[in-house]
file coords-v2.cif (mmCIF, N, CA and C atoms and all ligand atoms)
data_entry
#
loop_
_atom_site.label_atom_id
_atom_site.label_comp_id
_atom_site.auth_asym_id
_atom_site.auth_seq_id
_atom_site.Cartn_x
_atom_site.Cartn_y
_atom_site.Cartn_z
N MET X 1 76.21 73.41 101.23
CA MET X 1 76.78 74.44 102.09
C MET X 1 75.70 75.46 102.44
N PRO X 2 75.87 76.16 103.56
CA PRO X 2 74.87 77.17 103.91
C PRO X 2 74.84 78.25 102.83
N LYS X 3 73.67 78.65 102.46
CA LYS X 3 73.56 79.69 101.43
C LYS X 3 73.68 81.06 102.06
N GLY X 4 74.42 81.92 101.42
CA GLY X 4 74.49 83.31 101.86
C GLY X 4 75.38 83.53 103.06
N VAL X 5 76.26 82.56 103.39
CA VAL X 5 77.17 82.77 104.52
C VAL X 5 78.46 83.40 104.00
N THR X 6 78.66 84.66 104.32
CA THR X 6 79.88 85.35 103.96
C THR X 6 80.83 85.27 105.13
N CYS X 7 82.04 84.77 104.89
CA CYS X 7 82.99 84.56 105.97
C CYS X 7 84.35 85.10 105.57
N SER X 8 85.02 85.74 106.53
CA SER X 8 86.32 86.35 106.24
C SER X 8 87.49 85.56 106.82
N VAL X 9 87.21 84.40 107.42
CA VAL X 9 88.28 83.61 108.05
C VAL X 9 88.96 82.75 106.98
N ALA X 10 89.93 83.35 106.28
CA ALA X 10 90.49 82.74 105.08
C ALA X 10 91.31 81.49 105.36
N ASN X 11 91.75 81.28 106.60
CA ASN X 11 92.55 80.08 106.87
C ASN X 11 91.72 78.94 107.43
N CYS X 12 90.40 79.02 107.29
CA CYS X 12 89.54 77.90 107.70
C CYS X 12 89.49 76.86 106.60
N ASN X 13 89.47 75.58 107.00
CA ASN X 13 89.44 74.47 106.06
C ASN X 13 88.20 74.53 105.15
N PHE X 14 87.13 75.13 105.63
CA PHE X 14 85.88 75.17 104.87
C PHE X 14 85.74 76.43 104.02
N TRP X 15 86.70 77.35 104.14
CA TRP X 15 86.59 78.64 103.47
C TRP X 15 86.85 78.50 101.97
N LYS X 16 86.05 79.21 101.18
CA LYS X 16 86.20 79.18 99.71
C LYS X 16 86.50 80.57 99.20
N GLU X 17 87.19 80.63 98.07
CA GLU X 17 87.46 81.92 97.42
C GLU X 17 86.17 82.69 97.22
N GLY X 18 86.23 83.99 97.41
CA GLY X 18 85.04 84.81 97.31
C GLY X 18 84.38 85.01 98.66
N ASN X 19 85.09 84.58 99.72
CA ASN X 19 84.59 84.71 101.09
C ASN X 19 83.30 83.93 101.32
N ASN X 20 83.25 82.70 100.80
CA ASN X 20 82.10 81.82 101.03
C ASN X 20 82.47 80.69 101.97
N CYS X 21 81.50 80.21 102.73
CA CYS X 21 81.70 79.05 103.60
C CYS X 21 81.28 77.79 102.86
N GLY X 22 82.16 76.76 102.86
CA GLY X 22 81.87 75.52 102.16
C GLY X 22 81.40 74.39 103.06
N ALA X 23 81.18 74.65 104.34
CA ALA X 23 80.72 73.61 105.26
C ALA X 23 79.24 73.29 105.01
N ASP X 24 78.84 72.06 105.31
CA ASP X 24 77.44 71.66 105.14
C ASP X 24 76.54 72.44 106.08
N GLU X 25 77.01 72.65 107.27
CA GLU X 25 76.28 73.46 108.23
C GLU X 25 77.29 74.08 109.18
N ILE X 26 76.92 75.15 109.82
CA ILE X 26 77.84 75.80 110.74
C ILE X 26 77.15 76.07 112.06
N LYS X 27 77.95 76.15 113.10
CA LYS X 27 77.44 76.45 114.44
C LYS X 27 78.09 77.74 114.91
N ILE X 28 77.28 78.67 115.31
CA ILE X 28 77.78 79.98 115.74
C ILE X 28 77.61 80.13 117.25
N GLU X 29 78.63 80.65 117.88
CA GLU X 29 78.55 80.93 119.31
C GLU X 29 78.80 82.40 119.57
N ILE X 30 78.41 82.85 120.72
CA ILE X 30 78.65 84.24 121.08
C ILE X 30 80.15 84.48 121.26
N ASP X 31 80.61 85.62 120.84
CA ASP X 31 81.99 86.01 121.02
C ASP X 31 81.98 87.35 121.73
N GLN X 32 82.31 87.30 123.00
CA GLN X 32 82.20 88.49 123.82
C GLN X 32 83.08 89.63 123.33
N HIS X 33 84.14 89.27 122.61
CA HIS X 33 85.08 90.30 122.20
C HIS X 33 84.78 90.84 120.80
N ALA X 34 83.85 90.24 120.13
CA ALA X 34 83.61 90.62 118.73
C ALA X 34 83.31 92.10 118.61
N GLY X 35 82.40 92.60 119.41
CA GLY X 35 82.02 94.00 119.32
C GLY X 35 83.18 94.91 119.63
N ALA X 36 83.94 94.57 120.67
CA ALA X 36 85.07 95.40 121.07
C ALA X 36 86.12 95.42 119.98
N ASN X 37 86.41 94.24 119.39
CA ASN X 37 87.41 94.19 118.33
C ASN X 37 86.98 95.01 117.13
N LEU X 38 85.71 94.91 116.79
CA LEU X 38 85.22 95.66 115.64
C LEU X 38 85.39 97.15 115.87
N ASN X 39 85.13 97.56 117.10
CA ASN X 39 85.20 98.99 117.38
C ASN X 39 86.63 99.50 117.49
N GLU X 40 87.49 98.70 118.12
CA GLU X 40 88.82 99.20 118.44
C GLU X 40 89.86 98.87 117.38
N GLU X 41 89.79 97.66 116.84
CA GLU X 41 90.87 97.24 115.95
C GLU X 41 90.54 97.42 114.48
N PHE X 42 89.27 97.40 114.16
CA PHE X 42 88.90 97.42 112.75
C PHE X 42 87.99 98.60 112.44
N ALA X 43 88.25 99.70 113.11
CA ALA X 43 87.41 100.87 112.88
C ALA X 43 87.64 101.41 111.47
N GLY X 44 86.65 102.07 110.97
CA GLY X 44 86.78 102.72 109.67
C GLY X 44 86.71 101.74 108.52
N ASP X 45 87.60 101.92 107.55
CA ASP X 45 87.50 101.18 106.29
C ASP X 45 88.17 99.81 106.34
N GLU X 46 88.83 99.49 107.45
CA GLU X 46 89.60 98.25 107.47
C GLU X 46 88.73 97.00 107.39
N LEU X 47 87.52 97.07 107.95
CA LEU X 47 86.66 95.89 107.96
C LEU X 47 85.69 95.95 106.79
N GLY X 48 86.21 95.69 105.61
CA GLY X 48 85.35 95.65 104.43
C GLY X 48 84.68 94.30 104.30
N LEU X 49 83.76 94.19 103.37
CA LEU X 49 83.03 92.94 103.16
C LEU X 49 83.98 91.82 102.76
N TYR X 50 85.05 92.16 102.03
CA TYR X 50 85.92 91.12 101.52
C TYR X 50 87.30 91.14 102.15
N HIS X 51 87.37 91.65 103.37
CA HIS X 51 88.65 91.57 104.07
C HIS X 51 88.89 90.11 104.46
N GLN X 52 90.14 89.75 104.72
CA GLN X 52 90.46 88.38 105.12
C GLN X 52 91.30 88.41 106.38
N ASP X 53 90.99 87.49 107.29
CA ASP X 53 91.73 87.38 108.54
C ASP X 53 92.20 85.96 108.74
N GLU X 54 93.02 85.76 109.76
CA GLU X 54 93.41 84.40 110.12
C GLU X 54 93.14 84.18 111.61
N ALA X 55 92.65 83.01 111.95
CA ALA X 55 92.38 82.66 113.33
C ALA X 55 93.20 81.42 113.69
N LYS X 56 93.64 81.33 114.93
CA LYS X 56 94.44 80.17 115.36
C LYS X 56 93.56 79.03 115.83
N GLN X 57 92.40 79.30 116.33
CA GLN X 57 91.50 78.25 116.81
C GLN X 57 90.06 78.75 116.79
N SER X 58 89.11 77.80 116.93
CA SER X 58 87.70 78.18 116.81
C SER X 58 87.29 79.17 117.89
N ALA X 59 87.96 79.13 119.05
CA ALA X 59 87.59 80.04 120.13
C ALA X 59 87.84 81.49 119.75
N ALA X 60 88.68 81.70 118.75
CA ALA X 60 88.97 83.07 118.34
C ALA X 60 87.98 83.58 117.30
N THR X 61 87.03 82.74 116.90
CA THR X 61 86.02 83.15 115.95
C THR X 61 84.65 82.99 116.59
N CYS X 62 83.63 83.53 115.95
CA CYS X 62 82.25 83.31 116.41
C CYS X 62 81.74 81.98 115.89
N CYS X 63 82.50 81.32 115.00
CA CYS X 63 82.04 80.10 114.35
C CYS X 63 82.69 78.89 115.00
N GLN X 64 81.90 78.02 115.60
CA GLN X 64 82.43 76.83 116.27
C GLN X 64 82.77 75.73 115.28
N THR X 65 82.37 75.90 114.02
CA THR X 65 82.69 74.91 112.99
C THR X 65 84.08 75.15 112.41
N PHE X 66 84.67 76.29 112.70
CA PHE X 66 86.00 76.63 112.19
C PHE X 66 86.99 75.51 112.42
N LYS X 67 87.74 75.18 111.37
CA LYS X 67 88.81 74.19 111.47
C LYS X 67 89.99 74.75 110.69
N PRO X 68 91.18 74.86 111.32
CA PRO X 68 92.33 75.43 110.61
C PRO X 68 92.69 74.59 109.40
N LYS X 69 93.12 75.24 108.32
CA LYS X 69 93.62 74.50 107.16
C LYS X 69 94.87 73.73 107.55
N GLU X 70 95.02 72.56 106.98
CA GLU X 70 96.20 71.73 107.31
C GLU X 70 97.45 72.40 106.79
S1 LIG H 1 84.96 79.90 109.92
FE1 LIG H 1 82.90 78.98 109.94
S2 LIG H 1 81.70 80.20 108.48
FE2 LIG H 1 83.88 80.61 108.08
S3 LIG H 1 84.46 79.16 106.45
FE3 LIG H 1 84.95 78.22 108.44
S4 LIG H 1 83.16 76.97 108.95
FE4 LIG H 1 82.53 78.44 107.37
#

call {"tool": "encode", "arguments": {"input": "coords-v2.cif", "output": "structure tokens"}}
result
Amino acid sequence: MPKGVTCSVANCNFWKEGNNCGADEIKIEIDQHAGANLNEEFAGDELGLYHQDEAKQSAATCCQTFKPKE
């Protein structure tokens, strides 16, 4: 798995407890909304290092390797 990849997408098939990514490799794409979401929706203390979120599909994350848990 990639070393040092901290990920908060807890409903990804590759996600491991402790906010680690268990995929052999990952592909990252630009997410035009990432900056806006960080500023508007997760301002202040809400976006901690160990917060957890859920995504419905890979397009909603910056990670193209994302796969929803079965
Ligand atoms: S979303 Fe990407 S970085 Fe996060 S656990 Fe899944 S594959 Fe790894």

call {"tool": "residues_near_ligand", "arguments": {"input": "coords-v2.cif", "ligand": "ligand LIG 1 (chain H)", "cutoff": "7 Å", "atoms": "all atoms listed in the file", "output": "PyMOL selection string"}}
result
chain X and resi 5-16+20-23+25-27+61-67

call {"tool": "atom_distance", "arguments": {"input": "coords-v2.cif", "atom1": "atom N of Ala59 of chain X", "atom2": "atom N of Glu29 of chain X"}}
result
9.5 Å

call {"tool": "atom_distance", "arguments": {"input": "coords-v2.cif", "atom1": "atom CA of Ser58 of chain X", "atom2": "atom C of Glu70 of chain X"}}
result
15.1 Å

call {"tool": "atom_distance", "arguments": {"input": "coords-v2.cif", "atom1": "atom C of Lys69 of chain X", "atom2": "atom CA of Lys56 of chain X"}}
result
10.1 Å
